[in-house]
Amino acid sequence: MASSTTGEKKILTLKGGDNEEFILEESLVLQSELLKNMVKEERVSSIPLPSIKSKTLVKIIEYLKKHAELTPSNKEEFKNFEKEFVNVVLEELLDITVAVNYLKINGLLEFCCQAVADRIKDKSVEAVRKIFRIESDFTPEEESEFRKETPEAFEGDLDDTTN
Amino acid sequence: MHSKLTNHDSILTIPILPAELVIEILSRLPMKSLLQFTCVSKSWLSLISSPEFIKTHLSLSANNKGYTHHKVMMSSYSRLTSNVKVCSLRSLFYDSITEAFDLDCPMLSYERYRYDEVSFIVSVNGLICLLIRDNDYFIWNPSIRKYKKLPKPRTTKLVIYRTVSGFGYDEFHDDYKVVMVNFYDCADDGEVKIYSLKSDSWRSVDNGGRVLANGQGMFVNGKLHWAASDGYCFNHKSKIIMTSLKNLG
């Protein structure tokens, strides 16, 4: 198992939803409040994260590495990395955001939430319902009243949920 | 009409977002989108209109480091048209040219005033307070296009020589307040009236300090600031006085 210690650096294994294993330095995962508490309280060396897809975990680990290398001199480079980081299809961005929320990685969570907000701000009410899996519970009368009052909220080809 | 074909596979894999995450995302949306999304469902409507959400949203917008939501309001007077213009603060900082847009004051057309009858106009937390003619005060929220005409303050005399006003937010009582100081002749102490939005009423307050405010009150760092003098003589001292809204009204 990957619970070995190389020099001073402790190694930790994260297990993604599809049982794929990611071996990384413990210091990296301390950016996550959830994992930090787990590591500190239970001294675990392997943490299963069944609710997080491996694809999502790869992205998050990539961020943790970049963030750990952040210095005042590469600030610009990091900003560009952040921009690219959220430049994925909406579904993937939501996966990442949900995982970051679960792992409690604070700075990244705010950044992801803003990125989701920027993606949905111009979408139609229908599209937003699909994205958040909400069924309208308004009466047909109320619904048609909304459509009369703010037709622009329901118009256009804005119900694309992938971008 | 709304049965557009969409890729159902991709929709089904969209994760279900926990409620606290939905709030985090929604509180980062611009006002325009929030207004539209009140039609998404009853729970979104009640969330977006709840006082807690409104406060979180306001504080996130106000503390936005890119000044994305900050606006600068200015009065523009010309021979043909006078009105309020707004422009983006972010654009003033970062763009070489900033475009200013007209902000239509709904109360002017509905209540038949002219803009040159506006004698006081300030903004706090995105709310705009106006005084039109002698004592018609309005509090107006341009984002939701709603305004409220305040009840008329009862002044001791009909003819007012001069009025100075202030508008601010009392964080302690979570209330917006309007301060009106009336001078009935050029050497009088000033009569102070305070309006509270929560109680929707005016009350009189003692102007204890005999300080003569010269200009309009400016709301900075949670307090109203007035340029003032301590007398009418030529050698009077000018000063800035500060009023905390917490103890007024």
# chains A, B, ... in the order shown; residues from 1 in each chain; ligands from 1

call {"tool": "select_by_dssp", "arguments": {"residues": "segment 11-240 of chain B", "states": "helix (DSSP H, G or I)", "output": "ChimeraX atom specification"}}
result
/B:11-12,19-26,31-37,42-48,51-62,89-94,106-110,115-117

call {"tool": "closest_atom_pairs", "arguments": {"of": "chain B", "to": "chain A", "cutoff": "6 Å", "atoms": "only C-alpha atoms", "output": "JSON lines"}}
result
{"residue": "B:Ile14", "atom": "CA", "partner": "A:Glu91", "partner_atom": "CA", "distance": 5.4}
{"residue": "B:Ile25", "atom": "CA", "partner": "A:Cys113", "partner_atom": "CA", "distance": 4.9}
{"residue": "B:Arg28", "atom": "CA", "partner": "A:Gln114", "partner_atom": "CA", "distance": 5.9}
{"residue": "B:Leu29", "atom": "CA", "partner": "A:Ala117", "partner_atom": "CA", "distance": 5.5}
{"residue": "B:Ser33", "atom": "CA", "partner": "A:Lys121", "partner_atom": "CA", "distance": 5.4}
{"residue": "B:Gln36", "atom": "CA", "partner": "A:Ala153", "partner_atom": "CA", "distance": 5.7}
{"residue": "B:Val40", "atom": "CA", "partner": "A:Val125", "partner_atom": "CA", "distance": 5.7}
{"residue": "B:Ser41", "atom": "CA", "partner": "A:Ser136", "partner_atom": "CA", "distance": 5.0}

call {"tool": "select_by_dssp", "arguments": {"residues": "segment 24-199 of chain B", "states": "strand (DSSP E or B)", "output": "mmCIF file with N, CA and C atoms, in the first residue's frame"}}
result
data_model
loop_
_atom_site.group_PDB
_atom_site.id
_atom_site.type_symbol
_atom_site.label_atom_id
_atom_site.label_comp_id
_atom_site.auth_asym_id
_atom_site.auth_seq_id
_atom_site.Cartn_x
_atom_site.Cartn_y
_atom_site.Cartn_z
ATOM 1 N N LYS B 71 -21.355 51.275 -9.521
ATOM 2 C CA LYS B 71 -21.725 52.282 -10.510
ATOM 3 C C LYS B 71 -21.434 53.673 -9.949
ATOM 4 N N VAL B 72 -21.170 54.608 -10.852
ATOM 5 C CA VAL B 72 -21.026 55.993 -10.446
ATOM 6 C C VAL B 72 -22.234 56.736 -10.995
ATOM 7 N N MET B 73 -22.886 57.496 -10.101
ATOM 8 C CA MET B 73 -24.088 58.213 -10.519
ATOM 9 C C MET B 73 -23.759 59.698 -10.612
ATOM 10 N N MET B 74 -24.196 60.354 -11.650
ATOM 11 C CA MET B 74 -23.968 61.794 -11.718
ATOM 12 C C MET B 74 -25.183 62.501 -12.263
ATOM 13 N N SER B 75 -25.347 63.728 -11.815
ATOM 14 C CA SER B 75 -26.436 64.547 -12.329
ATOM 15 C C SER B 75 -25.918 65.273 -13.540
ATOM 16 N N SER B 76 -26.710 65.271 -14.594
ATOM 17 C CA SER B 76 -26.265 65.969 -15.775
ATOM 18 C C SER B 76 -27.300 67.046 -16.103
ATOM 19 N N TYR B 77 -26.846 68.283 -16.148
ATOM 20 C CA TYR B 77 -27.753 69.391 -16.440
ATOM 21 C C TYR B 77 -27.359 70.020 -17.773
ATOM 22 N N SER B 82 -32.185 67.487 -18.500
ATOM 23 C CA SER B 82 -31.420 67.247 -17.287
ATOM 24 C C SER B 82 -31.822 65.869 -16.794
ATOM 25 N N ASN B 83 -30.860 65.071 -16.410
ATOM 26 C CA ASN B 83 -31.223 63.751 -15.886
ATOM 27 C C ASN B 83 -30.075 63.145 -15.095
ATOM 28 N N VAL B 84 -30.260 61.899 -14.685
ATOM 29 C CA VAL B 84 -29.213 61.196 -13.957
ATOM 30 C C VAL B 84 -28.509 60.282 -14.939
ATOM 31 N N LYS B 85 -27.196 60.260 -14.857
ATOM 32 C CA LYS B 85 -26.445 59.327 -15.688
ATOM 33 C C LYS B 85 -25.662 58.393 -14.783
ATOM 34 N N VAL B 86 -25.454 57.179 -15.281
ATOM 35 C CA VAL B 86 -24.625 56.235 -14.522
ATOM 36 C C VAL B 86 -23.561 55.650 -15.439
ATOM 37 N N CYS B 87 -22.445 55.302 -14.827
ATOM 38 C CA CYS B 87 -21.439 54.563 -15.589
ATOM 39 C C CYS B 87 -20.791 53.550 -14.660
ATOM 40 N N SER B 88 -20.079 52.618 -15.251
ATOM 41 C CA SER B 88 -19.470 51.552 -14.471
ATOM 42 C C SER B 88 -18.165 52.037 -13.842
ATOM 43 N N PHE B 101 -24.708 56.106 -19.144
ATOM 44 C CA PHE B 101 -26.064 55.852 -19.632
ATOM 45 C C PHE B 101 -27.080 56.656 -18.835
ATOM 46 N N ASP B 102 -28.184 57.008 -19.494
ATOM 47 C CA ASP B 102 -29.263 57.691 -18.775
ATOM 48 C C ASP B 102 -29.954 56.725 -17.842
ATOM 49 N N LEU B 103 -30.265 57.206 -16.662
ATOM 50 C CA LEU B 103 -31.022 56.403 -15.717
ATOM 51 C C LEU B 103 -32.380 57.085 -15.593
ATOM 52 N N VAL B 118 -35.265 68.491 -8.655
ATOM 53 C CA VAL B 118 -34.594 67.599 -7.709
ATOM 54 C C VAL B 118 -33.519 68.399 -6.988
ATOM 55 N N SER B 119 -33.623 68.488 -5.661
ATOM 56 C CA SER B 119 -32.632 69.304 -4.962
ATOM 57 C C SER B 119 -31.631 68.453 -4.192
ATOM 58 N N PHE B 120 -31.880 67.168 -4.108
ATOM 59 C CA PHE B 120 -30.961 66.305 -3.352
ATOM 60 C C PHE B 120 -31.046 64.916 -3.934
ATOM 61 N N ILE B 121 -29.904 64.335 -4.247
ATOM 62 C CA ILE B 121 -29.912 62.965 -4.752
ATOM 63 C C ILE B 121 -28.617 62.285 -4.341
ATOM 64 N N VAL B 122 -28.733 61.207 -3.561
ATOM 65 C CA VAL B 122 -27.549 60.446 -3.161
ATOM 66 C C VAL B 122 -27.887 58.963 -3.230
ATOM 67 N N SER B 123 -26.845 58.152 -3.182
ATOM 68 C CA SER B 123 -27.063 56.720 -3.249
ATOM 69 C C SER B 123 -26.283 55.999 -2.153
ATOM 70 N N VAL B 124 -26.932 55.019 -1.537
ATOM 71 C CA VAL B 124 -26.318 54.196 -0.504
ATOM 72 C C VAL B 124 -26.723 52.751 -0.766
ATOM 73 N N LEU B 127 -29.357 51.950 -3.275
ATOM 74 C CA LEU B 127 -30.644 52.652 -3.168
ATOM 75 C C LEU B 127 -30.393 54.126 -3.409
ATOM 76 N N ILE B 128 -31.325 54.790 -4.064
ATOM 77 C CA ILE B 128 -31.161 56.212 -4.338
ATOM 78 C C ILE B 128 -32.235 56.980 -3.578
ATOM 79 N N CYS B 129 -31.800 58.038 -2.906
ATOM 80 C CA CYS B 129 -32.758 58.887 -2.193
ATOM 81 C C CYS B 129 -32.800 60.240 -2.894
ATOM 82 N N LEU B 130 -33.996 60.722 -3.163
ATOM 83 C CA LEU B 130 -34.144 62.020 -3.827
ATOM 84 C C LEU B 130 -35.067 62.918 -3.014
ATOM 85 N N LEU B 131 -34.766 64.201 -3.069
ATOM 86 C CA LEU B 131 -35.697 65.194 -2.550
ATOM 87 C C LEU B 131 -36.125 66.051 -3.737
ATOM 88 N N ILE B 132 -37.447 66.111 -3.968
ATOM 89 C CA ILE B 132 -37.957 66.897 -5.080
ATOM 90 C C ILE B 132 -38.838 68.015 -4.510
ATOM 91 N N ASP B 136 -40.814 66.545 -0.868
ATOM 92 C CA ASP B 136 -41.207 65.251 -1.419
ATOM 93 C C ASP B 136 -39.973 64.358 -1.528
ATOM 94 N N TYR B 137 -39.872 63.432 -0.570
ATOM 95 C CA TYR B 137 -38.730 62.518 -0.582
ATOM 96 C C TYR B 137 -39.120 61.193 -1.221
ATOM 97 N N PHE B 138 -38.159 60.594 -1.920
ATOM 98 C CA PHE B 138 -38.361 59.277 -2.524
ATOM 99 C C PHE B 138 -37.170 58.384 -2.198
ATOM 100 N N ILE B 139 -37.431 57.098 -1.987
ATOM 101 C CA ILE B 139 -36.353 56.119 -1.942
ATOM 102 C C ILE B 139 -36.613 55.169 -3.102
ATOM 103 N N TRP B 140 -35.586 54.983 -3.894
ATOM 104 C CA TRP B 140 -35.776 54.306 -5.177
ATOM 105 C C TRP B 140 -34.713 53.230 -5.355
ATOM 106 N N ASN B 141 -35.138 52.030 -5.738
ATOM 107 C CA ASN B 141 -34.207 50.955 -6.049
ATOM 108 C C ASN B 141 -34.218 50.722 -7.554
ATOM 109 N N LYS B 146 -38.309 49.927 -8.535
ATOM 110 C CA LYS B 146 -39.390 50.256 -7.613
ATOM 111 C C LYS B 146 -38.994 51.474 -6.796
ATOM 112 N N TYR B 147 -39.979 52.302 -6.502
ATOM 113 C CA TYR B 147 -39.683 53.446 -5.651
ATOM 114 C C TYR B 147 -40.781 53.628 -4.633
ATOM 115 N N LYS B 148 -40.462 54.394 -3.610
ATOM 116 C CA LYS B 148 -41.428 54.643 -2.570
ATOM 117 C C LYS B 148 -41.426 56.131 -2.276
ATOM 118 N N LYS B 149 -42.613 56.714 -2.268
ATOM 119 C CA LYS B 149 -42.714 58.119 -1.896
ATOM 120 C C LYS B 149 -42.882 58.176 -0.384
ATOM 121 N N ARG B 162 -34.165 77.119 3.828
ATOM 122 C CA ARG B 162 -33.157 76.239 3.246
ATOM 123 C C ARG B 162 -33.274 74.852 3.904
ATOM 124 N N THR B 163 -33.079 73.799 3.123
ATOM 125 C CA THR B 163 -33.105 72.433 3.667
ATOM 126 C C THR B 163 -31.816 71.717 3.292
ATOM 127 N N VAL B 164 -31.218 71.042 4.255
ATOM 128 C CA VAL B 164 -30.141 70.120 3.887
ATOM 129 C C VAL B 164 -30.576 68.712 4.285
ATOM 130 N N SER B 165 -30.159 67.722 3.499
ATOM 131 C CA SER B 165 -30.616 66.358 3.734
ATOM 132 C C SER B 165 -29.457 65.392 3.763
ATOM 133 N N GLY B 166 -29.726 64.253 4.362
ATOM 134 C CA GLY B 166 -28.754 63.154 4.352
ATOM 135 C C GLY B 166 -29.508 61.842 4.270
ATOM 136 N N PHE B 167 -28.834 60.821 3.736
ATOM 137 C CA PHE B 167 -29.465 59.503 3.613
ATOM 138 C C PHE B 167 -28.409 58.459 3.944
ATOM 139 N N GLY B 168 -28.773 57.502 4.790
ATOM 140 C CA GLY B 168 -27.775 56.500 5.146
ATOM 141 C C GLY B 168 -28.399 55.229 5.678
ATOM 142 N N TYR B 169 -27.521 54.255 5.936
ATOM 143 C CA TYR B 169 -27.972 52.955 6.428
ATOM 144 C C TYR B 169 -27.534 52.791 7.884
ATOM 145 N N ASP B 170 -28.482 52.493 8.739
ATOM 146 C CA ASP B 170 -28.201 52.249 10.151
ATOM 147 C C ASP B 170 -28.036 50.740 10.322
ATOM 148 N N ASP B 175 -31.736 49.509 9.175
ATOM 149 C CA ASP B 175 -32.783 50.431 8.743
ATOM 150 C C ASP B 175 -32.147 51.538 7.889
ATOM 151 N N TYR B 176 -32.884 52.008 6.915
ATOM 152 C CA TYR B 176 -32.417 53.156 6.134
ATOM 153 C C TYR B 176 -33.078 54.411 6.684
ATOM 154 N N LYS B 177 -32.289 55.477 6.805
ATOM 155 C CA LYS B 177 -32.825 56.695 7.408
ATOM 156 C C LYS B 177 -32.531 57.922 6.564
ATOM 157 N N VAL B 178 -33.485 58.831 6.568
ATOM 158 C CA VAL B 178 -33.306 60.110 5.887
ATOM 159 C C VAL B 178 -33.263 61.190 6.956
ATOM 160 N N VAL B 179 -32.294 62.079 6.864
ATOM 161 C CA VAL B 179 -32.189 63.186 7.809
ATOM 162 C C VAL B 179 -32.516 64.471 7.049
ATOM 163 N N MET B 180 -33.423 65.263 7.631
ATOM 164 C CA MET B 180 -33.801 66.531 7.007
ATOM 165 C C MET B 180 -33.549 67.639 8.024
ATOM 166 N N VAL B 181 -32.759 68.631 7.643
ATOM 167 C CA VAL B 181 -32.531 69.776 8.533
ATOM 168 C C VAL B 181 -33.119 71.007 7.849
ATOM 169 N N ASN B 182 -34.111 71.612 8.506
ATOM 170 C CA ASN B 182 -34.772 72.780 7.928
ATOM 171 C C ASN B 182 -34.323 74.061 8.622
ATOM 172 N N PHE B 183 -34.029 75.055 7.836
ATOM 173 C CA PHE B 183 -33.716 76.375 8.382
ATOM 174 C C PHE B 183 -34.820 77.314 7.929
ATOM 175 N N GLU B 191 -34.017 72.802 12.257
ATOM 176 C CA GLU B 191 -34.939 71.841 12.865
ATOM 177 C C GLU B 191 -34.650 70.491 12.214
ATOM 178 N N VAL B 192 -34.427 69.452 13.034
ATOM 179 C CA VAL B 192 -33.995 68.172 12.481
ATOM 180 C C VAL B 192 -35.125 67.141 12.507
ATOM 181 N N LYS B 193 -35.367 66.543 11.370
ATOM 182 C CA LYS B 193 -36.379 65.482 11.268
ATOM 183 C C LYS B 193 -35.699 64.221 10.749
ATOM 184 N N ILE B 194 -36.082 63.092 11.321
ATOM 185 C CA ILE B 194 -35.499 61.822 10.874
ATOM 186 C C ILE B 194 -36.611 60.910 10.383
ATOM 187 N N TYR B 195 -36.384 60.332 9.220
ATOM 188 C CA TYR B 195 -37.327 59.347 8.700
ATOM 189 C C TYR B 195 -36.691 57.958 8.819
ATOM 190 N N SER B 196 -37.466 56.992 9.296
ATOM 191 C CA SER B 196 -36.987 55.607 9.341
ATOM 192 C C SER B 196 -37.819 54.780 8.371
#

call {"tool": "atom_distance", "arguments": {"atom1": "atom CA of Lys66 of chain A", "atom2": "atom CA of Glu25 of chain A"}}
result
13.4 Å

call {"tool": "atom_distance", "arguments": {"atom1": "atom CA of Ile16 of chain B", "atom2": "atom CA of His67 of chain A"}}
result
27.3 Å

call {"tool": "atom_distance", "arguments": {"atom1": "atom CA of Tyr184 of chain B", "atom2": "atom CA of Ile160 of chain B"}}
result
4.9 Å

call {"tool": "closest_atom_pairs", "arguments": {"of": "segment 26-62 of chain A", "to": "segment 80-86 of chain A", "cutoff": "10 Å", "atoms": "only C-alpha atoms", "output": "JSON lines"}}
result
{"residue": "A:Lys59", "atom": "CA", "partner": "A:Phe85", "partner_atom": "CA", "distance": 7.8}
{"residue": "A:Ile60", "atom": "CA", "partner": "A:Phe85", "partner_atom": "CA", "distance": 9.2}
{"residue": "A:Glu62", "atom": "CA", "partner": "A:Phe85", "partner_atom": "CA", "distance": 9.1}

call {"tool": "closest_residue", "arguments": {"among": "B:Leu197, B:Cys105, B:Val205, B:Ala187", "to": "Leu150 of chain B", "atoms": "only C-alpha atoms"}}
result
B:Leu197

call {"tool": "residues_around", "arguments": {"residues": "segment 44-52 of chain B", "least_positions_apart": "5", "cutoff": "10 Å", "atoms": "only C-alpha atoms", "output": "number ranges by chain"}}
result
A: 134; B: 22-23, 26-27, 34-39, 57-58

call {"tool": "residues_around", "arguments": {"residues": "Ala213 of chain B", "least_positions_apart": "2", "cutoff": "6 Å", "atoms": "only C-alpha atoms", "output": "PyMOL selection string"}}
result
chain B and resi 215+226-228

call {"tool": "residues_around", "arguments": {"residues": "segment 35-41 of chain A", "least_positions_apart": "4", "cutoff": "7 Å", "atoms": "only C-alpha atoms", "output": "PyMOL selection string"}}
result
chain A and resi 29-30+103
